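Below is one structure; the comments refer to it alone.
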Amino acid sequence: MFKRRDARGWLQSVAEFFYPRGGWRRAASYIGHRLRRLPDPPHKIARGVAAGVFVCFMPYFGFHFVMAAILAWMMQANMVAAILATFFGNPLTFPIIAAVALEMGQWMLGSPNVGPLPEVFNEFGRAWNELWHNLGAIFTNEPVHWGRLGRFFWQVMWPYTVGGIVPGIVTSIAAYAVTLPAVEAYQRRRVSKLKARFDKRRAAIEKSAAKESSGRKSR
């Protein structure tokens with residue numbers, strides 16, 4: 001019942017991750033529409049958006065949904081809004097976020113530059129490979145190596161985490177400031193439309209009742 005009519009292959013899934021069907025503009029419009037229609041007060045939705053945007057500046061890829069939900073719970077914000085807002089981090093924005101966070105973190109901590117951005121993403125790949133190798137070594141006689149993971153943490157993950165805090169806070173505050181009035185305006189328009197529809201329906205019922213009453217009197 002809920003399956004796709006045409007099953008997607010893995011190549012199509014990868015391609016749509018980098019460029020959604022209909023383009024990024026349509027995807028952003030859809031997310032914005034979903035955010036506005038959430039059944040919660042505007043300030044809670046805006047807080048959720050702020051939480052989701054903030055976690056995009058953390059280098060813990062694969063855990064952004066969980067982190068956004070936990071942060072939204074701590075902030076008493078809308079969790080769905082927080083999860084939707086994590087799409088602020090996407091293949092178009094992640095290179096910019098990574099460059100800003102790493103450069104700021106290296107400057108704040110005085111750590112050495114790890115090289116150009118492609119090399120940083122290669123470091124992520126090598127670290128994951130070593131981690132999976134070590135997990136598999138639990139069940140085999142393969143030797144375990146943690147040296148690359150240690151260097152990766154101190155040279156990439158820690159500077160990225162520290163450096164992502166300030167731009168993450170600034171961007172999340174900006175996201176809150178933009179989202180709050182937008183959701184408030186949308187909810188006011190929606191309430192106004194619903195009220196107008198209700199008044200129109202009530203007027204039609206009263207008019208029908210008046211006609212019936214008039215018909216009974218004439219008889």
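A note on labels: chains of the structure tokens are A, B, ... as shown, every chain counts residues from 1, and ligands are counted from 1 in their shown order.
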- request: Within 7 Å of A:Ala81, counting only C-alpha atoms, which residues show up once you throw out same-chain ones fewer than 4 positions away? Write them as an MDAnalysis selection string, please.
  value: chainID A and resid 35 45 48:49 85
Saved selection, atoms kept: C-alpha atoms, as a PDB file, in the first residue's frame:
ATOM      1  CA  LEU A  35       6.945  23.211   8.946  1.00  0.00           C
ATOM      2  CA  ILE A  45       8.192  25.190  15.880  1.00  0.00           C
ATOM      3  CA  GLY A  48      12.695  23.109  16.746  1.00  0.00           C
ATOM      4  CA  VAL A  49      14.031  24.644  13.528  1.00  0.00           C
ATOM      5  CA  ALA A  85      15.347  21.341   9.842  1.00  0.00           C
TER       6      ALA A  85
END
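Atom CA of A:Val156 is found 10.6 Å from atom CA of A:Glu119.
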task: In Å, rounded to a single decimal, give me how far atom CA of A:Leu84 is from atom CA of A:Met67.
output: 12.4 Å
message: Which residues are near A:Ala68? Cut-off 12 Å, only C-alpha atoms, ignore same chain within fewer than 3 positions. Put them as a count of residues only.
response: 36
task: Report the distance between atom CA of A:Ile169 and atom CA of A:Arg188 in Å, rounded to one decimal place.
output: 28.5 Å
